[in-house]
Each structure stands twice: as C-alpha cells, then as structure tokens.
Amino acid sequence: MDIGVFSASEWLYTDTSPDQGSSNTLELAVARGAHTACQLLIIPEATDAKMTISVEQIAGPALPPAEVFELRDVMVEKNTGWHGFVAKDGDDPSGYVTRLAPFRVYDAMRPATDGNVQTNNGRAAVYLCWRLPVSAEPGRVQAVIRVSAREQTVAIPVAIEVSSAVVPEQGRLRVTNWFSLDNMATRHELTPWSEEHWDMIAAYGKLMRRGRQTNFWVPSSLHEIKRTADGCVQIDFSRAKRLIELFLDLGFTCIEGGHVGGRLRFGDPDFVLNVDRDIKATGPEGYAFLAQYLPAWHGFLQDNGWLDQTIQYVGDEPIDASAQDYRVLAGIVRKFMPGIPLIDAVERPGLGGAVDIWVPKNSYFQEHREEFETHRRFGDTLWFYTCCIPGGKYMNRLLDMPLLRTRYLHWGNYKYDLKGYLHWGLNHYKAGQNPFEENAPAHGEGGTTNLPPGDTHIVYPGTDGPWGSVRLQAMAMGIEDYELFQQLDPETGRAICQRCLPAFDQPNEDLQAFDRAHEDLLITASRG
C-alpha cells in the first residue's frame with residue numbers, strides 16, 4: 001500500500017503520486033480553539049479494498065478524536081482569467097494558475113464518521129482534521145494514524161504541538177457567505193419549508209459555523225408579502241424569525257438584512273425592488289412599498305431585540321452609472337431604519353454618506369486604498385470581498401489558484417485592517433449545474449461568459465447533507481490566523497504577515513515559508 005502525507009495547504013490532484021508527499025513523522029502545530037489538519041493519498045494493493053482510517057493517541061494531553069473526511073475530486077473545466085471570470089481563447093494563464101484546465105482536483109469533503117473510505121480509480125484521498133477546544137491543555141501530543149486495507153495496516157506517526165495561544169470561539173473578524181435557501185431544498189430533493197428543509201438549513205448553518213462564519217443574511221425573498229386592493233402591504237416575517245433564532249442559536253452573531261433593491265442589468269442606472277423587479281425602487285410605487293416594508297422590518301427586529309445585531313444591505317455593487325439612484329435608495333432606507341448601519345459591496349469609493357460598511361474587492365481596494373482610507377478616517381468601516389473578480393495573481397478562493405491563497409485572504413484582513421470578508425457563493429449553484437462536474441458555469445445574458453472555477457460555491461450538496469470543502473477548511477484556518485495576529489503587538493504582527501503577504505497580489509506561495517511564518521505566529525501569540 002502506497003501512502004503519501006501532504007500539507008492541508010496544498011492541492012491534491014487525481015494524478016498526484018503518493019511519492020510526492022512525505023512518509024516521515026508528521027509534525028503539526030496548532031493553537032487552542034483552532035484547527036489543524038493533514039491530507040493522505042492512498043493507493044492500496046487491491047484497488048477495490050475497503051479502507052479504514054483511525055488515529056490512536058499515544059502520549060501527551062488529551063485531544064478530541066480526529067475527524068476523517070473522504071475527499072472527492074471535482075472538475076475544473078476552465079481557467080480563471082487575468083482580470084477575473086475565465087481565460088479567453090488564446091490567453092495563457094499558466095503564469096498564475098496551478099494547472100491548465102481541464103483537470104480534476106480534490107475539494108469536496110464527505111464526512112467518514114466511521115473511518116471507512118472508498119477508492120476511486122484505484123486511489124483514495126483523505127483529509128484528517130483535529131478541532132481543539134479552547135480548554136485543551138498545551139503540550140506535545142504523540143499519536144499514530146493507521147490506514148488498514150484488508151490484511152494490511154500502515155502506521156504513520158504524528159506529533160501535534162498544542163500551543164498555549166488561544167483562538168476565541170467568537171472572534172473579531174466578520175465573515176459572511178451568501179447562501180441559497182432554495183438550493184438547500186432542491187439539491188436534496190426536499191419540499192421547500194418542510195421540517196426536513198429546516199433540518200437541512202440547520203445542517204448548512206452548522207457547516208458555515210465550522211468555517212467560522214459570523215454573519216448571515218435574511219434575503220427579502222424569505223418574507224411572505226401580500227398586497228391588498230387599496231395598496232397596503234401585509235408582511236409575514238415568520239420564516240425570518242425562525243431562521244434568525246436558528247442561526248443565533250448556532251453561534252452566529254450578526255443579522256444582515258437582505259438587499260432592498262437590485263438592477264436588471266449590471267450597467268443599468270436605476271434600482272428595482274428585489275421583491276418585484278417590475279417596480280423602480282425609488283419611484284412613487286417603489287417608495288410606497290418601502291415606506292411600509294422597511295418600518296415593518298425595523299419594528300420586527302426591534303420587537304425581538306435584534307436591532308443592535310443587524311446591518312442592512314441596500315443594493316449590490318453600485319457603479320458610477322447607478323450612484324445617484326443608490327444615494328436616493330440609501331436615503332430611503334436610512335429614513336425608515338434609523339441607526340442601522342448600511343453595508344454593500346461597492347464598485348466605487350464615491351458614495352460617501354450613503355454607505356457605513358464599505359466592501360470593495362481586494363483588488364479595487366488595493367488600487368484605490370487612499371480614497372477608501374478617507375472614509376475610514378471619517379468613521380466608516382472597511383471590509384473586502386472577492387467573487388468572479390479578481391483573477392491573475394490576486395488572492396481569491398478559486399479552484400485553479402494555489403490553496404494557500406484561500407488561507408491568505410484573512411491575512412489580508414489583518415494586513416490592511418479590513419474588519420470583514422464577504423463572498424456571494426456559499427451554495428449558489430446555477431440551474432442544472434452539477435458542482436462535482438461543472439465548476440465554471442455559463443453566466444450573464446445568453447451565457448455570454450463563464451464564472452471562474454468554484455466561484456458559485458464553497459460547499460457541496462452531498463448525498464447525506466451538505467459537504468464542506470478543502471477551501472472552506474483553509475478559510476477557517478486563515479480566520480484563526482487572523483485572530484492570533486490580533487493578539488500580537490502591531491510591529492511584530494506586521495513583520496510576520498509581510499513575509500507571506502507583501503500585497504493582495506503578491507502572496508508567498510512557498511509552503512515551507514508559510515509553515516515558518518505560521519510557527520512564529522503561534523510562538524509569539526503564546527507569549528501573550
């Protein structure tokens with residue numbers, strides 16, 4: 001049986017050889033309250049052999065049992081473009097992607113709670129993860145990973161250095177992934193809003209919290225809205241109440257009111273109502289609706305004691321052409337929801353007074369940093385986001401980018417003092433898209449372009465519920481790194497961060513350099 005041990009910060013591919021990994025003692029280091037992990041690539045002598053993965057602790061402070069995940073490979077059919085979206089015919093993305101498409105990469109993580117994993121094409125890939133409680137005792141743990149197939153067992157020694165540093169359960173960084181409640185039903189063949197659907201929503205919520213997500217949106221489509229003949233609006237917030245109570249119980253800490261308006265096309269100058277896209281949001285009919293909807297939403301939050309935990313979206317990605325209409329719409333929201341911070345992904349810095357929490361793309365922030373810093377000086381908050389842009393050498397969490405870039409996203413939060421991170425795609429699979437086989441689906445009117453690989457999602461619709469991903473784990477560990485950085489004196493923290501991340505488009509993707517920096521981060525944070 002051939003086995004290779006690999007870092008949790010590197011991709012495994014369907015043609016990776018176990019010889020490319022390590023067969024020596026595995027050395028890991030982790031803070032209390034954080035994750036540590038490794039990957040195994042296994043080729044058994046009998047390709048149809050049933051394999052069992054187990055971990056036995058030999059010495060040291062007690063650790064929780066290791067979690068075993070069977071990795072499933074997914075297709076990357078197109079490469080990311082230099083600016084974003086996908087590379088065009090004739091482009092050469094080889095200078096900034098891991099591989100030229102098409103290829104298959106291990107990303108989806110099926111929980112193997114019984115330790116049993118299956119082979120696919122004569123090989124198996126495994127993700128082993130330890131999630132330490134804050135109460136874990138510091139010290140050096142000695143353990144053995146055992147891989148059994150038929151009559152053969154291979155033992156892999158592992159040492160885990162548990163630092164005295166602590167990552168708090170509720171950290172400082174704000175993180176949100178927008179999710180599709182519809183896909184949580186349809187992708188699992190459930191009746192919308194049945195009890196089975198609510199159970200599935202809870203399962204997705206738990207997975208989001210595993211990824212250290214703190215915020216959750218309440219899309220306006222969740223509300224049941226009726227109009228009477230005299231123009232009055234009746235709104236039932238029952239589903240919103242159940243969702244909010246569920247997610248707060250799971251440990252989320254911030255409610256995001258869904259977008260009030262949207263645009264039919266990206267370049268349109270005017271916003272329409274999200275609940276009725278035939279109505280101009282800032283026109284007389286739109287205002288008549290918002291003058292009833294927004295006070296009702298504000299009153300609902302107030303009655304339940306949730307106002308202090310709420311921020312509100314207005315309209316996604318305003319550009320120069322729509323800036324004037326956005327300002328009017330933001331003013332309407334401020335009128336009827338006084339005191340609630342307004343947040344949006346923004347394409348331009350010229351919206352002072354209309355936005356409280358600015359969320360530019362990391363590339364756009366870096367290019368226009370001085371203008372955004374001006375808003376911070378005036379009391380506003382800065383986050384950043386990624387989506388189908390940026391591409392090239394910028395950091396994003398796409399399937400053809402080095403995996404370390406996903407973790408470094410949150411080193412970027414620390415480096416630039418950006419208080420949050422937003423992504424639109426937790427599980428926003430397109431209609432007909434199989435995310436195991438299609439990860440760069442058609443996008444835009446008439447399918448004029450494609451989204452870059454993995455942009456639509458960071459979780460998968462598994463056969464038994466939602467499955468996480470290697471990228472989601474990398475995000476979680478990057479967020480934990482951020483929380484450790486926050487415990488250092490600024491000069492030391494900046495120096496360690498700079499070694500791996502001179503800029504958003506200059507990540508140091510050498511695994512050994514990252515490991516050395518991470519070790520220094522743990523050592524320095526443990527000193528208090």
# chains A, B, ... in the order shown; residues from 1 in each chain; ligands from 1

$ residues_around --residues "Pro93 in chain A" --least-positions-apart "6" --cutoff "9 Å" --atoms "only C-alpha atoms" --output "compact mmCIF listing (two decimals) with C-alpha atoms, in the first residue's frame"
# COMPACT_ATOMS: atom_id res chain seq x y z
CA ASN A 79 -9.17 28.58 -16.01
CA THR A 80 -9.60 31.91 -14.27
CA GLY A 81 -8.79 34.97 -16.37
CA TRP A 82 -6.11 37.56 -15.65
CA ALA A 87 -9.47 33.00 -19.59
CA ARG A 99 -2.72 23.92 -13.76
CA LEU A 100 -4.14 24.44 -17.19
CA GLY A 392 -4.47 36.73 -12.12

$ residues_around --residues "range 309-319 of chain A" --least-positions-apart "5" --cutoff "7 Å" --atoms "only C-alpha atoms" --output "MDAnalysis selection string"
chainID A and resid 253:262 326 330 340:348

$ atom_distance --atom1 "CA of Ala34 in chain A" --atom2 "CA of Glu480 in chain A"
6.3 Å

$ residues_around --residues "range 149-163 of chain A" --least-positions-apart "4" --cutoff "6 Å" --atoms "only C-alpha atoms" --output "JSON, numbers by chain"
{"A": [25, 26, 27, 28, 29, 30, 31, 49, 50, 51, 138, 139, 140, 141, 142, 143, 144, 145]}

$ atom_distance --atom1 "CA of Leu128 in chain A" --atom2 "CA of Asn183 in chain A"
28.1 Å

$ closest_residue --among "A:Ala296, A:Val175, A:Ala185, A:Ile201" --to "Asp236 in chain A" --atoms "only C-alpha atoms"
A:Ala296

$ atom_distance --atom1 "CA of Trp11 in chain A" --atom2 "CA of Gly211 in chain A"
18.4 Å

$ residues_around --residues "Phe85 in chain A" --least-positions-apart "4" --cutoff "12 Å" --atoms "only C-alpha atoms" --output "PDB file with N, CA and C atoms, in the first residue's frame"
ATOM      1  N   LYS A  78     -12.459  25.180 -16.885  1.00  0.00           N
ATOM      2  CA  LYS A  78     -11.919  26.414 -17.448  1.00  0.00           C
ATOM      3  C   LYS A  78     -11.033  27.082 -16.408  1.00  0.00           C
ATOM      4  N   ASN A  79     -10.045  27.829 -16.907  1.00  0.00           N
ATOM      5  CA  ASN A  79      -9.165  28.576 -16.011  1.00  0.00           C
ATOM      6  C   ASN A  79      -9.698  29.982 -15.761  1.00  0.00           C
ATOM      7  N   THR A  80      -9.321  30.519 -14.610  1.00  0.00           N
ATOM      8  CA  THR A  80      -9.601  31.911 -14.273  1.00  0.00           C
ATOM      9  C   THR A  80      -8.846  32.841 -15.223  1.00  0.00           C
ATOM     10  N   GLY A  81      -9.449  33.986 -15.532  1.00  0.00           N
ATOM     11  CA  GLY A  81      -8.794  34.973 -16.373  1.00  0.00           C
ATOM     12  C   GLY A  81      -7.856  35.870 -15.589  1.00  0.00           C
ATOM     13  N   THR A 386     -14.384  39.078  -2.527  1.00  0.00           N
ATOM     14  CA  THR A 386     -13.943  38.504  -3.791  1.00  0.00           C
ATOM     15  C   THR A 386     -15.144  37.820  -4.433  1.00  0.00           C
ATOM     16  N   CYS A 387     -15.077  37.637  -5.742  1.00  0.00           N
ATOM     17  CA  CYS A 387     -16.148  36.948  -6.465  1.00  0.00           C
ATOM     18  C   CYS A 387     -15.554  36.431  -7.759  1.00  0.00           C
ATOM     19  N   CYS A 388     -16.182  36.703  -8.888  1.00  0.00           N
ATOM     20  CA  CYS A 388     -15.645  36.340 -10.191  1.00  0.00           C
ATOM     21  C   CYS A 388     -14.438  37.201 -10.556  1.00  0.00           C
ATOM     22  N   ILE A 389     -14.195  38.212  -9.793  1.00  0.00           N
ATOM     23  CA  ILE A 389     -13.034  39.086  -9.855  1.00  0.00           C
ATOM     24  C   ILE A 389     -12.522  39.210  -8.417  1.00  0.00           C
ATOM     25  N   PRO A 390     -11.209  39.226  -8.168  1.00  0.00           N
ATOM     26  CA  PRO A 390     -10.119  39.320  -9.127  1.00  0.00           C
ATOM     27  C   PRO A 390      -9.576  37.958  -9.552  1.00  0.00           C
ATOM     28  N   GLY A 391      -8.832  37.984 -10.664  1.00  0.00           N
ATOM     29  CA  GLY A 391      -8.117  36.807 -11.128  1.00  0.00           C
ATOM     30  C   GLY A 391      -6.624  37.075 -11.086  1.00  0.00           C
ATOM     31  N   GLY A 392      -5.914  36.516 -12.057  1.00  0.00           N
ATOM     32  CA  GLY A 392      -4.475  36.726 -12.123  1.00  0.00           C
ATOM     33  C   GLY A 392      -3.774  36.266 -10.869  1.00  0.00           C
ATOM     34  N   ASN A 396      -7.834  34.907  -4.227  1.00  0.00           N
ATOM     35  CA  ASN A 396      -9.233  34.558  -4.317  1.00  0.00           C
ATOM     36  C   ASN A 396      -9.317  33.116  -3.843  1.00  0.00           C
ATOM     37  N   LEU A 398     -10.503  30.353  -5.598  1.00  0.00           N
ATOM     38  CA  LEU A 398     -10.923  29.602  -6.766  1.00  0.00           C
ATOM     39  C   LEU A 398     -10.135  28.305  -6.907  1.00  0.00           C
ATOM     40  N   ASN A 439     -17.772  23.467 -12.709  1.00  0.00           N
ATOM     41  CA  ASN A 439     -17.439  24.492 -11.732  1.00  0.00           C
ATOM     42  C   ASN A 439     -17.186  25.858 -12.341  1.00  0.00           C
ATOM     43  N   ALA A 440     -17.348  25.975 -13.655  1.00  0.00           N
ATOM     44  CA  ALA A 440     -17.246  27.265 -14.329  1.00  0.00           C
ATOM     45  C   ALA A 440     -18.470  27.435 -15.217  1.00  0.00           C
ATOM     46  N   PRO A 441     -19.664  27.537 -14.608  1.00  0.00           N
ATOM     47  CA  PRO A 441     -20.901  27.549 -15.398  1.00  0.00           C
ATOM     48  C   PRO A 441     -21.090  28.840 -16.185  1.00  0.00           C
ATOM     49  N   ALA A 442     -21.939  28.761 -17.191  1.00  0.00           N
ATOM     50  CA  ALA A 442     -22.264  29.932 -18.000  1.00  0.00           C
ATOM     51  C   ALA A 442     -22.905  30.998 -17.131  1.00  0.00           C
ATOM     52  N   HIS A 443     -22.649  32.261 -17.498  1.00  0.00           N
ATOM     53  CA  HIS A 443     -23.124  33.385 -16.691  1.00  0.00           C
ATOM     54  C   HIS A 443     -23.445  34.550 -17.618  1.00  0.00           C
ATOM     55  N   GLY A 444     -24.345  35.387 -17.198  1.00  0.00           N
ATOM     56  CA  GLY A 444     -24.689  36.568 -17.983  1.00  0.00           C
ATOM     57  C   GLY A 444     -25.809  36.287 -18.959  1.00  0.00           C
ATOM     58  N   THR A 448     -23.069  34.587 -21.987  1.00  0.00           N
ATOM     59  CA  THR A 448     -22.011  35.215 -22.768  1.00  0.00           C
ATOM     60  C   THR A 448     -20.621  34.993 -22.184  1.00  0.00           C
ATOM     61  N   THR A 449     -20.537  34.609 -20.922  1.00  0.00           N
ATOM     62  CA  THR A 449     -19.248  34.304 -20.317  1.00  0.00           C
ATOM     63  C   THR A 449     -19.464  33.187 -19.307  1.00  0.00           C
ATOM     64  N   ASN A 450     -18.412  32.837 -18.587  1.00  0.00           N
ATOM     65  CA  ASN A 450     -18.498  31.800 -17.553  1.00  0.00           C
ATOM     66  C   ASN A 450     -17.937  32.358 -16.260  1.00  0.00           C
ATOM     67  N   LEU A 451     -18.467  31.868 -15.161  1.00  0.00           N
ATOM     68  CA  LEU A 451     -17.887  32.203 -13.864  1.00  0.00           C
ATOM     69  C   LEU A 451     -16.603  31.390 -13.673  1.00  0.00           C
ATOM     70  N   PRO A 452     -15.637  31.916 -12.939  1.00  0.00           N
ATOM     71  CA  PRO A 452     -14.395  31.173 -12.723  1.00  0.00           C
ATOM     72  C   PRO A 452     -14.634  29.953 -11.842  1.00  0.00           C
ATOM     73  N   PRO A 453     -13.741  28.974 -11.893  1.00  0.00           N
ATOM     74  CA  PRO A 453     -13.997  27.674 -11.254  1.00  0.00           C
ATOM     75  C   PRO A 453     -14.111  27.752  -9.733  1.00  0.00           C
ATOM     76  N   GLY A 454     -15.277  27.373  -9.231  1.00  0.00           N
ATOM     77  CA  GLY A 454     -15.526  27.345  -7.792  1.00  0.00           C
ATOM     78  C   GLY A 454     -16.139  28.608  -7.239  1.00  0.00           C
ATOM     79  N   ASP A 455     -16.403  29.598  -8.088  1.00  0.00           N
ATOM     80  CA  ASP A 455     -16.945  30.869  -7.596  1.00  0.00           C
ATOM     81  C   ASP A 455     -18.348  30.716  -7.041  1.00  0.00           C
ATOM     82  N   THR A 456     -19.142  29.804  -7.600  1.00  0.00           N
ATOM     83  CA  THR A 456     -20.537  29.675  -7.185  1.00  0.00           C
ATOM     84  C   THR A 456     -20.705  29.049  -5.807  1.00  0.00           C
TER      85      THR A 456
END

$ residues_around --residues "Glu437 in chain A" --least-positions-apart "4" --cutoff "10 Å" --atoms "only C-alpha atoms" --output "NGL selection string"
:A and (73-77 or 104 or 433)

$ select_by_dssp --residues "range 34-271 of chain A" --states "strand (DSSP E or B)" --output "NGL selection string"
:A and (35-43 or 51-59 or 67-76 or 80 or 86 or 103-111 or 116-117 or 120 or 123-131 or 139-149 or 152-166 or 174-177 or 215-218 or 224-227 or 233-236 or 254-257 or 261-262)

$ closest_residue --among "A:Lys335, A:Arg110, A:Arg209, A:His368" --to "His298 in chain A" --atoms "only C-alpha atoms"
A:Lys335

$ closest_residue --among "A:Arg212, A:His518, A:Arg239, A:Arg471" --to "Val105 in chain A" --atoms "only C-alpha atoms"
A:Arg471

$ closest_atom_pairs --of "range 315-374 of chain A" --to "range 269-288 of chain A" --cutoff "8 Å" --atoms "only C-alpha atoms" --output "tab-separated table"
residue	atom	partner	partner_atom	distance
A:Gly315	CA	A:Phe271	CA	7.4
A:Ala321	CA	A:Pro269	CA	4.9
A:Ser322	CA	A:Pro269	CA	4.0
A:Ala323	CA	A:Pro269	CA	7.6
A:Asp325	CA	A:Asp270	CA	5.7
A:Tyr326	CA	A:Phe271	CA	7.3
A:Val328	CA	A:Thr282	CA	6.8
A:Leu329	CA	A:Thr282	CA	6.0
A:Ile332	CA	A:Tyr287	CA	7.9

$ write_last_selection --atoms "all heavy atoms" --output "PDB file, in the first residue's frame"
ATOM      1  N   GLY A 315     -28.324  47.938  -2.087  1.00  0.00           N
ATOM      2  CA  GLY A 315     -28.327  47.435  -3.458  1.00  0.00           C
ATOM      3  C   GLY A 315     -26.919  47.039  -3.850  1.00  0.00           C
ATOM      4  O   GLY A 315     -25.980  47.835  -3.702  1.00  0.00           O
ATOM      5  N   ALA A 321     -22.718  54.707 -12.928  1.00  0.00           N
ATOM      6  CA  ALA A 321     -23.996  54.930 -13.618  1.00  0.00           C
ATOM      7  C   ALA A 321     -25.181  54.861 -12.665  1.00  0.00           C
ATOM      8  O   ALA A 321     -26.205  55.505 -12.896  1.00  0.00           O
ATOM      9  CB  ALA A 321     -24.163  53.906 -14.747  1.00  0.00           C
ATOM     10  N   SER A 322     -25.064  54.083 -11.596  1.00  0.00           N
ATOM     11  CA  SER A 322     -26.194  53.905 -10.676  1.00  0.00           C
ATOM     12  C   SER A 322     -25.978  54.605  -9.337  1.00  0.00           C
ATOM     13  O   SER A 322     -26.781  54.438  -8.413  1.00  0.00           O
ATOM     14  CB  SER A 322     -26.450  52.415 -10.437  1.00  0.00           C
ATOM     15  OG  SER A 322     -25.274  51.757  -9.981  1.00  0.00           O
ATOM     16  N   ALA A 323     -24.898  55.392  -9.215  1.00  0.00           N
ATOM     17  CA  ALA A 323     -24.569  56.016  -7.934  1.00  0.00           C
ATOM     18  C   ALA A 323     -25.661  56.966  -7.460  1.00  0.00           C
ATOM     19  O   ALA A 323     -26.014  57.001  -6.273  1.00  0.00           O
ATOM     20  CB  ALA A 323     -23.232  56.752  -8.032  1.00  0.00           C
ATOM     21  N   ASP A 325     -28.932  56.991  -8.133  1.00  0.00           N
ATOM     22  CA  ASP A 325     -30.120  56.277  -7.675  1.00  0.00           C
ATOM     23  C   ASP A 325     -29.827  55.539  -6.372  1.00  0.00           C
ATOM     24  O   ASP A 325     -30.692  55.446  -5.496  1.00  0.00           O
ATOM     25  CB  ASP A 325     -30.589  55.301  -8.760  1.00  0.00           C
ATOM     26  CG  ASP A 325     -32.056  54.930  -8.603  1.00  0.00           C
ATOM     27  OD1 ASP A 325     -32.891  55.851  -8.506  1.00  0.00           O
ATOM     28  OD2 ASP A 325     -32.369  53.721  -8.556  1.00  0.00           O
ATOM     29  N   TYR A 326     -28.600  55.034  -6.239  1.00  0.00           N
ATOM     30  CA  TYR A 326     -28.232  54.354  -4.999  1.00  0.00           C
ATOM     31  C   TYR A 326     -28.317  55.310  -3.808  1.00  0.00           C
ATOM     32  O   TYR A 326     -28.803  54.935  -2.733  1.00  0.00           O
ATOM     33  CB  TYR A 326     -26.816  53.781  -5.115  1.00  0.00           C
ATOM     34  CG  TYR A 326     -26.372  53.041  -3.873  1.00  0.00           C
ATOM     35  CD1 TYR A 326     -26.619  51.679  -3.723  1.00  0.00           C
ATOM     36  CD2 TYR A 326     -25.731  53.702  -2.832  1.00  0.00           C
ATOM     37  CE1 TYR A 326     -26.229  50.997  -2.585  1.00  0.00           C
ATOM     38  CE2 TYR A 326     -25.339  53.034  -1.686  1.00  0.00           C
ATOM     39  CZ  TYR A 326     -25.589  51.683  -1.572  1.00  0.00           C
ATOM     40  OH  TYR A 326     -25.215  51.018  -0.433  1.00  0.00           O
ATOM     41  N   VAL A 328     -30.246  57.864  -3.405  1.00  0.00           N
ATOM     42  CA  VAL A 328     -31.653  58.080  -3.064  1.00  0.00           C
ATOM     43  C   VAL A 328     -32.193  56.876  -2.304  1.00  0.00           C
ATOM     44  O   VAL A 328     -32.875  57.013  -1.274  1.00  0.00           O
ATOM     45  CB  VAL A 328     -32.485  58.347  -4.334  1.00  0.00           C
ATOM     46  CG1 VAL A 328     -33.974  58.452  -3.985  1.00  0.00           C
ATOM     47  CG2 VAL A 328     -32.015  59.622  -5.023  1.00  0.00           C
ATOM     48  N   LEU A 329     -31.872  55.677  -2.806  1.00  0.00           N
ATOM     49  CA  LEU A 329     -32.370  54.461  -2.161  1.00  0.00           C
ATOM     50  C   LEU A 329     -31.800  54.314  -0.751  1.00  0.00           C
ATOM     51  O   LEU A 329     -32.525  53.963   0.189  1.00  0.00           O
ATOM     52  CB  LEU A 329     -32.017  53.244  -3.026  1.00  0.00           C
ATOM     53  CG  LEU A 329     -32.561  51.891  -2.571  1.00  0.00           C
ATOM     54  CD1 LEU A 329     -34.079  51.926  -2.448  1.00  0.00           C
ATOM     55  CD2 LEU A 329     -32.131  50.789  -3.539  1.00  0.00           C
ATOM     56  N   ILE A 332     -33.694  56.498   1.585  1.00  0.00           N
ATOM     57  CA  ILE A 332     -34.989  55.933   1.968  1.00  0.00           C
ATOM     58  C   ILE A 332     -34.812  54.906   3.082  1.00  0.00           C
ATOM     59  O   ILE A 332     -35.571  54.883   4.069  1.00  0.00           O
ATOM     60  CB  ILE A 332     -35.681  55.302   0.745  1.00  0.00           C
ATOM     61  CG1 ILE A 332     -36.044  56.381  -0.279  1.00  0.00           C
ATOM     62  CG2 ILE A 332     -36.938  54.538   1.162  1.00  0.00           C
ATOM     63  CD1 ILE A 332     -36.522  55.829  -1.612  1.00  0.00           C
TER      64      ILE A 332
END

$ residues_around --residues "range 420-430 of chain A" --least-positions-apart "5" --cutoff "6 Å" --atoms "only C-alpha atoms" --output "number ranges by chain"
A: 173-180, 383-386, 456-458

$ write_last_selection --atoms "N, CA, C and O atoms" --output "short mmCIF file (atom, residue, chain, number, x, y, z; two decimals), in the first residue's frame"
data_model
loop_
_atom_site.label_atom_id
_atom_site.label_comp_id
_atom_site.auth_asym_id
_atom_site.auth_seq_id
_atom_site.Cartn_x
_atom_site.Cartn_y
_atom_site.Cartn_z
N LEU A 173 -13.19 39.01 13.62
CA LEU A 173 -13.40 39.18 12.18
C LEU A 173 -14.84 38.85 11.81
O LEU A 173 -15.39 37.84 12.25
N ARG A 174 -15.45 39.69 10.97
CA ARG A 174 -16.80 39.44 10.47
C ARG A 174 -16.69 38.72 9.14
O ARG A 174 -15.94 39.15 8.25
N VAL A 175 -17.40 37.64 8.99
CA VAL A 175 -17.33 36.81 7.78
C VAL A 175 -18.74 36.43 7.35
O VAL A 175 -19.55 35.97 8.17
N THR A 176 -19.04 36.63 6.05
CA THR A 176 -20.34 36.24 5.53
C THR A 176 -20.18 35.58 4.17
O THR A 176 -19.38 36.02 3.35
N ASN A 177 -20.93 34.50 3.97
CA ASN A 177 -21.12 33.88 2.66
C ASN A 177 -22.62 33.89 2.39
O ASN A 177 -23.40 33.34 3.18
N TRP A 178 -23.03 34.50 1.29
CA TRP A 178 -24.45 34.48 0.97
C TRP A 178 -24.86 33.09 0.53
O TRP A 178 -24.13 32.41 -0.22
N PHE A 179 -26.02 32.65 0.99
CA PHE A 179 -26.46 31.28 0.73
C PHE A 179 -27.81 31.25 0.05
O PHE A 179 -28.59 32.21 0.11
N SER A 180 -28.09 30.14 -0.61
CA SER A 180 -29.37 29.92 -1.27
C SER A 180 -30.20 28.94 -0.46
O SER A 180 -29.86 27.74 -0.37
N TRP A 383 -14.40 46.53 4.86
CA TRP A 383 -14.24 45.09 4.65
C TRP A 383 -13.62 44.92 3.26
O TRP A 383 -13.20 45.88 2.63
N PHE A 384 -13.62 43.65 2.77
CA PHE A 384 -13.35 43.43 1.36
C PHE A 384 -14.10 42.18 0.91
O PHE A 384 -14.58 41.40 1.73
N TYR A 385 -14.20 42.02 -0.42
CA TYR A 385 -14.84 40.82 -0.95
C TYR A 385 -14.10 40.32 -2.17
O TYR A 385 -13.28 41.03 -2.77
N THR A 386 -14.38 39.08 -2.53
CA THR A 386 -13.94 38.50 -3.79
C THR A 386 -15.14 37.82 -4.43
O THR A 386 -16.11 37.47 -3.77
N THR A 456 -19.14 29.80 -7.60
CA THR A 456 -20.54 29.67 -7.18
C THR A 456 -20.71 29.05 -5.81
O THR A 456 -21.78 29.15 -5.23
N HIS A 457 -19.68 28.41 -5.28
CA HIS A 457 -19.90 27.63 -4.05
C HIS A 457 -18.58 27.33 -3.34
O HIS A 457 -17.52 27.28 -3.95
N ILE A 458 -18.72 27.09 -2.05
CA ILE A 458 -17.60 26.59 -1.26
C ILE A 458 -18.04 25.39 -0.41
O ILE A 458 -17.29 24.88 0.41
#
